[in-house]
$ cat structure-v1.txt   # compact mmCIF, C-alpha atoms
# COMPACT_ATOMS: atom_id res chain seq x y z
CA MET D 1 10.15 -19.61 -1.56
CA GLY D 2 9.49 -15.94 -2.29
CA GLU D 3 6.13 -14.46 -1.44
CA SER D 4 5.05 -14.41 -5.09
CA ALA D 5 5.53 -18.19 -5.25
CA MET D 6 3.67 -18.98 -2.02
CA THR D 7 0.13 -20.30 -2.10
CA GLN D 8 -2.14 -17.65 -0.61
CA THR D 9 -5.82 -17.27 0.10
CA VAL D 10 -7.11 -14.56 -2.23
CA ALA D 11 -10.57 -13.01 -1.89
CA PHE D 12 -11.73 -11.63 -5.24
CA ILE D 13 -14.75 -9.33 -5.20
CA GLY D 14 -16.23 -8.30 -8.57
CA LEU D 15 -16.13 -10.81 -11.42
CA GLY D 16 -17.22 -8.76 -14.43
CA ASN D 17 -15.53 -8.52 -17.82
CA MET D 18 -12.21 -7.64 -16.21
CA GLY D 19 -12.46 -9.26 -12.79
CA GLY D 20 -13.38 -12.69 -14.10
CA GLY D 21 -10.17 -13.09 -16.05
CA MET D 22 -8.10 -11.58 -13.25
CA ALA D 23 -9.51 -14.00 -10.66
CA ALA D 24 -8.90 -16.92 -13.02
CA ASN D 25 -5.22 -15.97 -13.31
CA GLN D 26 -4.88 -15.88 -9.54
CA ALA D 27 -6.27 -19.43 -9.47
CA ARG D 28 -3.94 -20.54 -12.29
CA ALA D 29 -1.02 -19.27 -10.21
CA GLY D 30 -1.96 -21.83 -7.57
CA HIS D 31 -3.68 -19.54 -5.09
CA SER D 32 -6.87 -20.48 -3.27
CA VAL D 33 -9.33 -17.93 -4.69
CA ARG D 34 -12.65 -17.23 -2.98
CA ALA D 35 -14.78 -15.40 -5.52
CA PHE D 36 -17.87 -13.28 -4.98
CA ASP D 37 -20.12 -11.30 -7.30
CA LEU D 38 -23.79 -10.32 -7.26
CA SER D 39 -24.13 -12.18 -10.57
CA ALA D 40 -24.56 -15.94 -10.14
CA ASP D 41 -23.42 -16.45 -13.75
CA ALA D 42 -20.18 -14.57 -13.09
CA VAL D 43 -19.52 -16.69 -10.00
CA ALA D 44 -20.20 -19.86 -11.98
CA ARG D 45 -17.64 -18.82 -14.60
CA ALA D 46 -15.09 -18.14 -11.85
CA VAL D 47 -15.72 -21.57 -10.34
CA ALA D 48 -15.21 -23.16 -13.75
CA ALA D 49 -11.86 -21.33 -13.91
CA GLY D 50 -10.69 -22.82 -10.61
CA CYS D 51 -12.06 -20.43 -7.98
CA THR D 52 -14.28 -21.30 -5.01
CA ALA D 53 -17.64 -19.58 -4.69
CA ALA D 54 -18.25 -17.41 -1.63
CA GLY D 55 -21.76 -16.60 -0.46
CA SER D 56 -20.94 -13.04 0.60
CA VAL D 57 -18.13 -10.49 0.73
CA SER D 58 -17.54 -11.21 4.41
CA GLU D 59 -17.28 -14.94 3.71
CA ALA D 60 -14.83 -14.33 0.88
CA VAL D 61 -12.49 -12.12 2.93
CA ARG D 62 -12.49 -14.21 6.11
CA ASP D 63 -8.90 -15.40 6.74
CA ALA D 64 -7.76 -13.98 3.38
CA ASP D 65 -4.13 -13.06 2.80
CA VAL D 66 -5.03 -10.75 -0.09
CA VAL D 67 -8.32 -9.03 -0.93
CA ILE D 68 -8.78 -7.78 -4.50
CA THR D 69 -11.79 -5.73 -5.59
CA MET D 70 -12.88 -4.86 -9.13
CA LEU D 71 -16.05 -2.79 -8.80
CA PRO D 72 -18.00 -0.40 -11.06
CA ALA D 73 -17.56 3.00 -9.39
CA GLY D 74 -16.44 4.96 -6.33
CA PRO D 75 -19.66 4.63 -4.29
CA HIS D 76 -19.54 0.83 -4.65
CA VAL D 77 -15.90 0.72 -3.56
CA LEU D 78 -16.47 2.93 -0.52
CA LYS D 79 -19.54 0.99 0.59
CA VAL D 80 -17.97 -2.45 0.18
CA TYR D 81 -14.78 -1.52 2.02
CA ALA D 82 -16.44 0.47 4.80
CA GLU D 83 -19.26 -1.99 5.45
CA GLN D 84 -18.06 -5.43 4.35
CA ILE D 85 -14.27 -5.72 4.14
CA ILE D 86 -12.72 -3.55 6.83
CA GLY D 87 -13.25 -5.40 10.08
CA ALA D 88 -14.22 -8.67 8.36
CA ALA D 89 -10.83 -9.38 6.78
CA PRO D 90 -7.87 -10.05 9.10
CA THR D 91 -5.67 -6.99 9.52
CA ARG D 92 -2.74 -8.90 8.05
CA ALA D 93 -4.62 -9.01 4.73
CA LEU D 94 -3.37 -6.83 1.89
CA LEU D 95 -6.27 -4.82 0.42
CA LEU D 96 -6.03 -4.01 -3.30
CA ASP D 97 -8.69 -2.05 -5.15
CA CYS D 98 -8.26 -2.45 -8.91
CA SER D 99 -11.41 -0.50 -9.83
CA THR D 100 -11.17 2.77 -11.73
CA ILE D 101 -12.65 5.45 -9.46
CA ASP D 102 -12.10 9.08 -8.51
CA VAL D 103 -8.94 10.06 -6.65
CA ASP D 104 -10.76 11.48 -3.61
CA THR D 105 -12.68 8.26 -2.96
CA ALA D 106 -9.51 6.19 -3.33
CA ARG D 107 -7.83 8.35 -0.68
CA LYS D 108 -10.85 8.13 1.59
CA VAL D 109 -10.87 4.32 1.43
CA ALA D 110 -7.12 4.28 2.03
CA GLY D 111 -7.63 6.42 5.14
CA LEU D 112 -10.31 4.09 6.50
CA ALA D 113 -8.14 1.04 5.84
CA LYS D 114 -5.02 2.56 7.36
CA ALA D 115 -6.90 3.67 10.48
CA ALA D 116 -8.07 0.07 10.95
CA GLY D 117 -4.54 -1.32 10.59
CA TYR D 118 -4.57 -2.57 6.99
CA ALA D 119 -2.13 -2.10 4.13
CA PHE D 120 -4.13 -0.76 1.17
CA ALA D 121 -3.45 0.25 -2.42
CA ASP D 122 -5.42 1.72 -5.28
CA ALA D 123 -4.21 -0.33 -8.25
CA PRO D 124 -6.27 0.36 -11.40
CA VAL D 125 -5.38 -1.46 -14.59
CA SER D 126 -4.76 -0.87 -18.26
CA GLY D 127 -5.02 -3.40 -21.07
CA GLY D 128 -8.69 -4.34 -21.45
CA THR D 129 -10.36 -7.72 -21.33
CA MET D 130 -7.81 -9.48 -23.55
CA ALA D 131 -5.01 -8.56 -21.16
CA ALA D 132 -7.17 -9.44 -18.14
CA ASP D 133 -7.70 -12.93 -19.58
CA ALA D 134 -4.05 -13.32 -20.57
CA GLY D 135 -2.59 -12.02 -17.29
CA THR D 136 -0.78 -9.18 -19.04
CA LEU D 137 -2.36 -6.09 -17.49
CA ALA D 138 -0.44 -2.97 -16.51
CA PHE D 139 -1.10 -1.86 -12.92
CA MET D 140 -0.76 1.73 -11.70
CA VAL D 141 -0.38 1.65 -7.91
CA GLY D 142 -0.94 4.28 -5.25
CA CYS D 143 0.39 3.07 -1.90
CA ASP D 144 2.78 3.58 0.98
CA GLU D 145 6.23 2.91 -0.44
CA PRO D 146 7.20 0.15 2.06
CA ASP D 147 4.15 -1.89 0.95
CA PHE D 148 4.98 -1.88 -2.76
CA ALA D 149 7.09 -5.05 -2.95
CA ARG D 150 4.29 -7.04 -1.31
CA ILE D 151 1.71 -5.45 -3.62
CA GLU D 152 3.78 -6.17 -6.72
CA ALA D 153 4.08 -9.83 -5.72
CA ALA D 154 0.33 -10.12 -5.13
CA LEU D 155 -0.45 -8.62 -8.56
CA GLU D 156 2.16 -10.66 -10.44
CA PRO D 157 -0.21 -13.43 -11.69
CA MET D 158 -2.29 -10.78 -13.48
CA SER D 159 0.45 -8.39 -14.58
CA ARG D 160 3.00 -7.74 -17.30
CA ALA D 161 4.06 -4.48 -15.62
CA THR D 162 3.36 -2.92 -12.23
CA PHE D 163 4.29 0.68 -11.46
CA ARG D 164 4.18 2.61 -8.21
CA ALA D 165 2.71 5.93 -9.30
CA GLY D 166 3.03 7.50 -5.86
CA ASP D 167 1.07 7.68 -2.63
CA HIS D 168 -2.60 6.73 -2.21
CA GLY D 169 -4.71 8.11 -5.05
CA ALA D 170 -1.78 8.36 -7.46
CA GLY D 171 -2.73 5.11 -9.16
CA GLN D 172 -6.16 6.51 -9.99
CA ALA D 173 -4.61 9.76 -11.19
CA ALA D 174 -2.31 7.85 -13.53
CA LYS D 175 -5.18 5.72 -14.84
CA ILE D 176 -7.53 8.58 -15.74
CA CYS D 177 -4.71 10.56 -17.37
CA ASN D 178 -3.62 7.49 -19.35
CA ASN D 179 -7.15 6.82 -20.56
CA MET D 180 -7.70 10.44 -21.51
CA ILE D 181 -4.66 10.08 -23.78
CA LEU D 182 -6.07 6.81 -25.13
CA GLY D 183 -9.47 8.33 -25.88
CA ILE D 184 -7.93 11.33 -27.63
CA THR D 185 -5.53 9.25 -29.74
CA MET D 186 -8.27 6.79 -30.70
CA LEU D 187 -10.46 9.65 -31.91
CA GLY D 188 -7.55 11.07 -33.90
CA THR D 189 -6.88 7.66 -35.42
CA CYS D 190 -10.53 7.23 -36.38
CA GLU D 191 -10.78 10.72 -37.87
CA ALA D 192 -7.65 10.09 -39.94
CA ILE D 193 -8.96 6.76 -41.22
CA GLY D 194 -12.20 8.45 -42.26
CA LEU D 195 -10.28 11.18 -44.07
CA ALA D 196 -7.95 8.69 -45.74
CA GLU D 197 -10.95 6.73 -47.03
CA LYS D 198 -12.55 9.87 -48.45
CA LEU D 199 -9.27 10.73 -50.19
CA GLY D 200 -9.10 7.32 -51.83
CA LEU D 201 -6.40 5.83 -49.58
CA ASP D 202 -6.97 2.23 -48.50
CA PRO D 203 -7.17 2.23 -44.64
CA VAL D 204 -5.12 -0.98 -44.56
CA ARG D 205 -2.39 0.67 -46.61
CA MET D 206 -2.65 3.65 -44.31
CA PHE D 207 -1.91 1.33 -41.38
CA ASP D 208 1.22 0.07 -43.14
CA ILE D 209 2.46 3.64 -43.49
CA VAL D 210 1.33 5.24 -40.22
CA SER D 211 2.48 2.34 -38.06
CA LYS D 212 6.03 3.11 -39.22
CA ALA D 213 5.68 6.90 -39.38
CA SER D 214 5.28 9.74 -36.89
CA GLY D 215 1.53 9.15 -36.51
CA GLN D 216 2.22 5.82 -34.81
CA SER D 217 0.44 5.20 -31.49
CA TRP D 218 -0.96 2.30 -29.46
CA SER D 219 -4.34 2.99 -31.04
CA VAL D 220 -2.75 2.32 -34.44
CA THR D 221 -0.33 -0.54 -33.84
CA SER D 222 -2.15 -2.51 -31.12
CA TYR D 223 -5.83 -1.60 -31.58
CA TYR D 224 -6.35 -0.42 -35.15
CA PRO D 225 -10.08 0.34 -35.53
CA TRP D 226 -10.26 -0.93 -39.14
CA PRO D 227 -10.50 -4.71 -39.69
CA GLY D 228 -7.44 -6.60 -40.87
CA PRO D 229 -4.10 -5.14 -39.82
CA VAL D 230 -4.25 -6.06 -36.10
CA PRO D 231 -5.89 -9.51 -35.85
CA ALA D 232 -6.55 -9.30 -32.09
CA ALA D 233 -8.28 -5.89 -32.31
CA PRO D 234 -12.06 -5.74 -31.70
CA SER D 235 -12.52 -4.25 -35.18
CA ASN D 236 -12.17 -7.82 -36.45
CA ARG D 237 -15.08 -8.97 -34.26
CA ASN D 238 -17.59 -6.26 -35.24
CA TYR D 239 -16.31 -4.31 -32.21
CA GLU D 240 -17.52 -6.88 -29.68
CA GLY D 241 -15.51 -7.35 -26.48
CA GLY D 242 -12.47 -5.23 -25.76
CA PHE D 243 -12.98 -1.97 -23.84
CA ALA D 244 -16.61 -0.88 -23.85
CA THR D 245 -17.53 2.65 -24.92
CA ALA D 246 -19.44 3.09 -21.65
CA MET D 247 -16.27 2.31 -19.68
CA MET D 248 -14.18 4.73 -21.73
CA LEU D 249 -16.84 7.38 -21.17
CA LYS D 250 -16.74 6.74 -17.43
CA ASP D 251 -12.96 7.27 -17.38
CA LEU D 252 -13.20 10.42 -19.48
CA LYS D 253 -15.80 11.82 -17.10
CA LEU D 254 -13.51 11.06 -14.15
CA ALA D 255 -10.71 12.91 -15.94
CA GLN D 256 -12.91 15.95 -16.58
CA GLU D 257 -14.15 16.01 -13.00
CA ALA D 258 -10.55 15.83 -11.76
CA ALA D 259 -9.51 18.59 -14.19
CA ALA D 260 -12.29 20.84 -12.93
CA ARG D 261 -11.26 20.34 -9.31
CA ALA D 262 -7.58 20.87 -10.10
CA GLY D 263 -8.10 23.86 -12.39
CA ALA D 264 -6.39 22.09 -15.31
CA SER D 265 -7.12 22.98 -18.93
CA THR D 266 -8.09 19.87 -20.94
CA PRO D 267 -9.97 21.04 -24.06
CA LEU D 268 -9.19 17.92 -26.09
CA GLY D 269 -10.24 15.73 -23.18
CA ALA D 270 -13.52 17.64 -22.94
CA GLN D 271 -14.24 17.29 -26.66
CA THR D 272 -13.37 13.60 -26.54
CA GLU D 273 -15.76 13.09 -23.65
CA ALA D 274 -18.52 14.88 -25.58
CA LEU D 275 -18.09 12.67 -28.65
CA PHE D 276 -18.05 9.44 -26.66
CA GLN D 277 -21.10 10.70 -24.77
CA MET D 278 -22.85 11.13 -28.13
CA PHE D 279 -21.84 7.63 -29.26
CA ASP D 280 -22.98 6.10 -25.98
CA GLY D 281 -26.24 8.05 -26.12
CA LEU D 282 -26.98 6.57 -29.57
CA GLY D 283 -27.03 3.12 -27.98
CA TYR D 284 -23.50 1.84 -28.58
CA GLY D 285 -22.20 1.84 -25.01
CA GLY D 286 -21.61 -1.91 -25.10
CA ARG D 287 -19.45 -1.80 -28.22
CA ASP D 288 -15.70 -1.44 -28.05
CA PHE D 289 -14.72 2.22 -27.95
CA SER D 290 -12.92 1.97 -31.30
CA ALA D 291 -16.33 1.46 -32.93
CA ILE D 292 -16.72 5.25 -32.77
CA LEU D 293 -15.01 5.09 -36.16
CA GLN D 294 -18.36 4.13 -37.66
CA MET D 295 -20.06 7.20 -36.20
CA LEU D 296 -17.33 9.44 -37.62
CA ARG D 297 -17.65 7.69 -41.03
CA GLY D 298 -21.43 8.13 -40.98
CA ARG D 299 -21.83 4.36 -41.09
CA LEU D 300 -23.74 3.59 -37.91
CA ASP D 301 -25.99 1.38 -40.05
CA ASP D 302 -23.09 -1.10 -40.01
CA LEU D 303 -23.53 -1.48 -36.24
CA ALA D 304 -26.50 -2.75 -34.27
CA PRO D 305 -27.00 -0.90 -30.96
CA ASN D 306 -26.51 -3.07 -27.88

$ encode --input "structure-v1.txt" --output "structure tokens"
Amino acid sequence: MGESAMTQTVAFIGLGNMGGGMAANQARAGHSVRAFDLSADAVARAVAAGCTAAGSVSEAVRDADVVITMLPAGPHVLKVYAEQIIGAAPTRALLLDCSTIDVDTARKVAGLAKAAGYAFADAPVSGGTMAADAGTLAFMVGCDEPDFARIEAALEPMSRATFRAGDHGAGQAAKICNNMILGITMLGTCEAIGLAEKLGLDPVRMFDIVSKASGQSWSVTSYYPWPGPVPAAPSNRNYEGGFATAMMLKDLKLAQEAAARAGASTPLGAQTEALFQMFDGLGYGGRDFSAILQMLRGRLDDLAPN
């Protein structure tokens, strides 16, 4: 049997909107998944999906073959790895951080792990909660090249595509650049829908045209922010679920911080961050990021802040 088909002990730390579905797919693949989160409700959902509850991070990682973390931000990742995973997990364990964090912290954690004898990768994801639940995420991996085949096999139950972006930190670089593109194209899509509406063009008819024309993008064909044309899009659920505005804002901030350190010019990224900051500040951070259409249309009364 190949490694991807072998039953392994997987420690999964962080069972939020993304991590819960990811852990469930590891369990569905036949792995023994020890799940831990500070939220008892999140752990209960993981147990219902076939995981085993762990009482602490150290308990979850003990004797694990693979450790996967999905945590909110860089400080959480650094603290959990430095204080609770490194030294508690066996050195044969593969350590995979799927959080979206800054490049410098990813490299720092990689250095700590490597010094202690572990194989480590930063492996942030793209696809949102629907893909996390379906096991069809795209993973962008920063790792030592000889470790990639093992990493790809460990991610397979959660993945439709796994790419090695480069060495440690490159996965995070790819993720924040990808999401800066996504934020910019979503804003452009929403602005165009608002303009089309003002000009008397039905936004559904606009989808029919643009999805086959040069304005086509993922934001149009897979995530159209107007109800109807893309049944799975959050626009059909009053913008509930999907990829929260607060999470998009976090990624845009990471991109701007990285741009400042690197001396890169990203004026569209900066403007996109400012607009999502405004939308979040109005109380819509929990809504899917495509709901910014309603702010641009002047129709925030159609949304209830959450």

$ residues_near_point --input "structure-v1.txt" --point "(-1.6, -10.0, 7.5)" --cutoff "10 Å" --atoms "only C-alpha atoms" --output "JSON, numbers by chain"
{"D": [63, 64, 65, 66, 89, 90, 91, 92, 93, 94, 95, 117, 118, 119]}

$ residues_around --input "structure-v1.txt" --residues "D:Val67" --least-positions-apart "3" --cutoff "12 Å" --atoms "only C-alpha atoms" --output "PyMOL selection string"
chain D and resi 8-14+23+26+32-36+57-64+70+80-81+84-86+88-98+118-122+151+154-155

$ closest_residue --input "structure-v1.txt" --among "D:Asp251, D:Glu152, D:Glu273, D:Asp301" --to "D:Thr100" --atoms "only C-alpha atoms"
D:Asp251

$ residues_around --input "structure-v1.txt" --residues "D:Ser39" --least-positions-apart "4" --cutoff "10 Å" --atoms "only C-alpha atoms" --output "PDB file with C-alpha atoms, in the coordinates of the input"
ATOM      1  CA  GLY D  14     -16.230  -8.300  -8.570  1.00  0.00           C
ATOM      2  CA  LEU D  15     -16.130 -10.810 -11.420  1.00  0.00           C
ATOM      3  CA  GLY D  16     -17.220  -8.760 -14.430  1.00  0.00           C
ATOM      4  CA  VAL D  43     -19.520 -16.690 -10.000  1.00  0.00           C
ATOM      5  CA  ALA D  44     -20.200 -19.860 -11.980  1.00  0.00           C
TER       6      ALA D  44
END

$ residues_around --input "structure-v1.txt" --residues "D:Phe243" --least-positions-apart "2" --cutoff "9 Å" --atoms "only C-alpha atoms" --output "NGL selection string"
:D and (127-129 or 234 or 240-241 or 245-248 or 286-290)

$ closest_residue --input "structure-v1.txt" --among "D:Met295, D:Ala244, D:Ala196, D:Ala173" --to "D:Ala262" --atoms "all atoms listed in the file"
D:Ala173

$ atom_distance --input "structure-v1.txt" --atom1 "atom CA of D:Ala232" --atom2 "atom CA of D:Leu137"
15.5 Å

$ closest_residue --input "structure-v1.txt" --among "D:Asp147, D:Glu257, D:Asp133, D:Asp41" --to "D:Met22" --atoms "only C-alpha atoms"
D:Asp133

$ closest_residue --input "structure-v1.txt" --among "D:Thr221, D:Gln277, D:Thr7, D:Ser56" --to "D:Leu38" --atoms "all atoms listed in the file"
D:Ser56

$ residues_around --input "structure-v1.txt" --residues "D:Ala106" --least-positions-apart "5" --cutoff "12 Å" --atoms "all atoms listed in the file" --output "ChimeraX atom specification"
/D:73-79,81,96-101,111-113,120-124,141-143,167-173

$ residues_around --input "structure-v1.txt" --residues "D:Gly183" --least-positions-apart "3" --cutoff "8 Å" --atoms "only C-alpha atoms" --output "VMD selection string"
chain D and resid 179 to 180 186 to 187 248 252 269 272

$ write_last_selection --input "structure-v1.txt" --atoms "C-alpha atoms" --output "short mmCIF file (atom, residue, chain, number, x, y, z; two decimals), in the coordinates of the input"
data_model
loop_
_atom_site.label_atom_id
_atom_site.label_comp_id
_atom_site.auth_asym_id
_atom_site.auth_seq_id
_atom_site.Cartn_x
_atom_site.Cartn_y
_atom_site.Cartn_z
CA ASN D 179 -7.15 6.82 -20.56
CA MET D 180 -7.70 10.44 -21.51
CA MET D 186 -8.27 6.79 -30.70
CA LEU D 187 -10.46 9.65 -31.91
CA MET D 248 -14.18 4.73 -21.73
CA LEU D 252 -13.20 10.42 -19.48
CA GLY D 269 -10.24 15.73 -23.18
CA THR D 272 -13.37 13.60 -26.54
#

$ closest_residue --input "structure-v1.txt" --among "D:Phe276, D:Leu249, D:Gly194, D:Met6" --to "D:Arg299" --atoms "all atoms listed in the file"
D:Gly194

$ closest_residue --input "structure-v1.txt" --among "D:Pro305, D:Gly242, D:Gly21, D:Pro229" --to "D:Met158" --atoms "all atoms listed in the file"
D:Gly21

$ build_atoms --input "structure-v1.txt" --residues "stretch 49-82 of chain D" --atoms "N, CA and C atoms" --output "PDB file, in the coordinates of the input"
ATOM      1  N   ALA D  49     -13.261 -21.703 -13.685  1.00  0.00           N
ATOM      2  CA  ALA D  49     -11.860 -21.330 -13.910  1.00  0.00           C
ATOM      3  C   ALA D  49     -10.964 -21.691 -12.729  1.00  0.00           C
ATOM      4  N   GLY D  50     -11.524 -22.346 -11.721  1.00  0.00           N
ATOM      5  CA  GLY D  50     -10.690 -22.820 -10.610  1.00  0.00           C
ATOM      6  C   GLY D  50     -10.872 -22.107  -9.294  1.00  0.00           C
ATOM      7  N   CYS D  51     -11.794 -21.148  -9.226  1.00  0.00           N
ATOM      8  CA  CYS D  51     -12.060 -20.430  -7.980  1.00  0.00           C
ATOM      9  C   CYS D  51     -13.095 -21.179  -7.146  1.00  0.00           C
ATOM     10  N   THR D  52     -13.245 -20.772  -5.902  1.00  0.00           N
ATOM     11  CA  THR D  52     -14.280 -21.300  -5.010  1.00  0.00           C
ATOM     12  C   THR D  52     -15.314 -20.209  -4.784  1.00  0.00           C
ATOM     13  N   ALA D  53     -16.576 -20.565  -4.883  1.00  0.00           N
ATOM     14  CA  ALA D  53     -17.640 -19.580  -4.690  1.00  0.00           C
ATOM     15  C   ALA D  53     -17.774 -19.201  -3.235  1.00  0.00           C
ATOM     16  N   ALA D  54     -17.943 -17.911  -2.970  1.00  0.00           N
ATOM     17  CA  ALA D  54     -18.250 -17.410  -1.630  1.00  0.00           C
ATOM     18  C   ALA D  54     -19.662 -16.861  -1.635  1.00  0.00           C
ATOM     19  N   GLY D  55     -20.376 -17.038  -0.530  1.00  0.00           N
ATOM     20  CA  GLY D  55     -21.760 -16.600  -0.460  1.00  0.00           C
ATOM     21  C   GLY D  55     -21.938 -15.139  -0.154  1.00  0.00           C
ATOM     22  N   SER D  56     -20.866 -14.459   0.257  1.00  0.00           N
ATOM     23  CA  SER D  56     -20.940 -13.040   0.600  1.00  0.00           C
ATOM     24  C   SER D  56     -19.527 -12.467   0.589  1.00  0.00           C
ATOM     25  N   VAL D  57     -19.438 -11.141   0.642  1.00  0.00           N
ATOM     26  CA  VAL D  57     -18.130 -10.490   0.730  1.00  0.00           C
ATOM     27  C   VAL D  57     -17.434 -10.904   2.017  1.00  0.00           C
ATOM     28  N   SER D  58     -18.157 -10.878   3.122  1.00  0.00           N
ATOM     29  CA  SER D  58     -17.540 -11.210   4.410  1.00  0.00           C
ATOM     30  C   SER D  58     -17.031 -12.639   4.435  1.00  0.00           C
ATOM     31  N   GLU D  59     -17.751 -13.551   3.792  1.00  0.00           N
ATOM     32  CA  GLU D  59     -17.280 -14.940   3.710  1.00  0.00           C
ATOM     33  C   GLU D  59     -16.021 -15.030   2.860  1.00  0.00           C
ATOM     34  N   ALA D  60     -15.990 -14.290   1.769  1.00  0.00           N
ATOM     35  CA  ALA D  60     -14.830 -14.330   0.880  1.00  0.00           C
ATOM     36  C   ALA D  60     -13.569 -13.821   1.567  1.00  0.00           C
ATOM     37  N   VAL D  61     -13.681 -12.763   2.365  1.00  0.00           N
ATOM     38  CA  VAL D  61     -12.490 -12.120   2.930  1.00  0.00           C
ATOM     39  C   VAL D  61     -12.036 -12.743   4.239  1.00  0.00           C
ATOM     40  N   ARG D  62     -12.853 -13.592   4.833  1.00  0.00           N
ATOM     41  CA  ARG D  62     -12.490 -14.210   6.110  1.00  0.00           C
ATOM     42  C   ARG D  62     -11.210 -15.024   5.948  1.00  0.00           C
ATOM     43  N   ASP D  63     -10.198 -14.718   6.760  1.00  0.00           N
ATOM     44  CA  ASP D  63      -8.900 -15.400   6.740  1.00  0.00           C
ATOM     45  C   ASP D  63      -8.125 -15.208   5.438  1.00  0.00           C
ATOM     46  N   ALA D  64      -8.480 -14.219   4.633  1.00  0.00           N
ATOM     47  CA  ALA D  64      -7.760 -13.980   3.380  1.00  0.00           C
ATOM     48  C   ALA D  64      -6.392 -13.358   3.625  1.00  0.00           C
ATOM     49  N   ASP D  65      -5.440 -13.719   2.785  1.00  0.00           N
ATOM     50  CA  ASP D  65      -4.130 -13.060   2.800  1.00  0.00           C
ATOM     51  C   ASP D  65      -4.138 -11.808   1.928  1.00  0.00           C
ATOM     52  N   VAL D  66      -4.917 -11.871   0.850  1.00  0.00           N
ATOM     53  CA  VAL D  66      -5.030 -10.750  -0.090  1.00  0.00           C
ATOM     54  C   VAL D  66      -6.498 -10.585  -0.449  1.00  0.00           C
ATOM     55  N   VAL D  67      -6.967  -9.342  -0.478  1.00  0.00           N
ATOM     56  CA  VAL D  67      -8.320  -9.030  -0.930  1.00  0.00           C
ATOM     57  C   VAL D  67      -8.193  -8.136  -2.158  1.00  0.00           C
ATOM     58  N   ILE D  68      -8.804  -8.560  -3.260  1.00  0.00           N
ATOM     59  CA  ILE D  68      -8.780  -7.780  -4.500  1.00  0.00           C
ATOM     60  C   ILE D  68     -10.211  -7.436  -4.880  1.00  0.00           C
ATOM     61  N   THR D  69     -10.453  -6.165  -5.167  1.00  0.00           N
ATOM     62  CA  THR D  69     -11.790  -5.730  -5.590  1.00  0.00           C
ATOM     63  C   THR D  69     -11.711  -5.122  -6.983  1.00  0.00           C
ATOM     64  N   MET D  70     -12.750  -5.408  -7.772  1.00  0.00           N
ATOM     65  CA  MET D  70     -12.880  -4.860  -9.130  1.00  0.00           C
ATOM     66  C   MET D  70     -14.344  -4.473  -9.295  1.00  0.00           C
ATOM     67  N   LEU D  71     -14.667  -3.233  -8.933  1.00  0.00           N
ATOM     68  CA  LEU D  71     -16.050  -2.790  -8.800  1.00  0.00           C
ATOM     69  C   LEU D  71     -16.353  -1.637  -9.756  1.00  0.00           C
ATOM     70  N   PRO D  72     -17.646  -1.350 -10.001  1.00  0.00           N
ATOM     71  CA  PRO D  72     -18.000  -0.400 -11.060  1.00  0.00           C
ATOM     72  C   PRO D  72     -17.601   1.056 -10.828  1.00  0.00           C
ATOM     73  N   ALA D  73     -17.754   1.563  -9.599  1.00  0.00           N
ATOM     74  CA  ALA D  73     -17.560   3.000  -9.390  1.00  0.00           C
ATOM     75  C   ALA D  73     -17.232   3.288  -7.928  1.00  0.00           C
ATOM     76  N   GLY D  74     -16.864   4.555  -7.664  1.00  0.00           N
ATOM     77  CA  GLY D  74     -16.440   4.960  -6.330  1.00  0.00           C
ATOM     78  C   GLY D  74     -17.421   4.634  -5.223  1.00  0.00           C
ATOM     79  N   PRO D  75     -18.716   4.935  -5.374  1.00  0.00           N
ATOM     80  CA  PRO D  75     -19.660   4.630  -4.290  1.00  0.00           C
ATOM     81  C   PRO D  75     -19.695   3.145  -3.926  1.00  0.00           C
ATOM     82  N   HIS D  76     -19.571   2.273  -4.924  1.00  0.00           N
ATOM     83  CA  HIS D  76     -19.540   0.830  -4.650  1.00  0.00           C
ATOM     84  C   HIS D  76     -18.299   0.469  -3.834  1.00  0.00           C
ATOM     85  N   VAL D  77     -17.148   1.023  -4.243  1.00  0.00           N
ATOM     86  CA  VAL D  77     -15.900   0.720  -3.560  1.00  0.00           C
ATOM     87  C   VAL D  77     -15.960   1.178  -2.107  1.00  0.00           C
ATOM     88  N   LEU D  78     -16.403   2.404  -1.880  1.00  0.00           N
ATOM     89  CA  LEU D  78     -16.470   2.930  -0.520  1.00  0.00           C
ATOM     90  C   LEU D  78     -17.407   2.096   0.347  1.00  0.00           C
ATOM     91  N   LYS D  79     -18.564   1.751  -0.173  1.00  0.00           N
ATOM     92  CA  LYS D  79     -19.540   0.990   0.590  1.00  0.00           C
ATOM     93  C   LYS D  79     -19.022  -0.408   0.932  1.00  0.00           C
ATOM     94  N   VAL D  80     -18.439  -1.086  -0.055  1.00  0.00           N
ATOM     95  CA  VAL D  80     -17.970  -2.450   0.180  1.00  0.00           C
ATOM     96  C   VAL D  80     -16.822  -2.469   1.191  1.00  0.00           C
ATOM     97  N   TYR D  81     -15.887  -1.536   1.064  1.00  0.00           N
ATOM     98  CA  TYR D  81     -14.780  -1.520   2.020  1.00  0.00           C
ATOM     99  C   TYR D  81     -15.247  -1.108   3.409  1.00  0.00           C
ATOM    100  N   ALA D  82     -16.038  -0.054   3.488  1.00  0.00           N
ATOM    101  CA  ALA D  82     -16.440   0.470   4.800  1.00  0.00           C
ATOM    102  C   ALA D  82     -17.362  -0.491   5.543  1.00  0.00           C
TER     103      ALA D  82
END
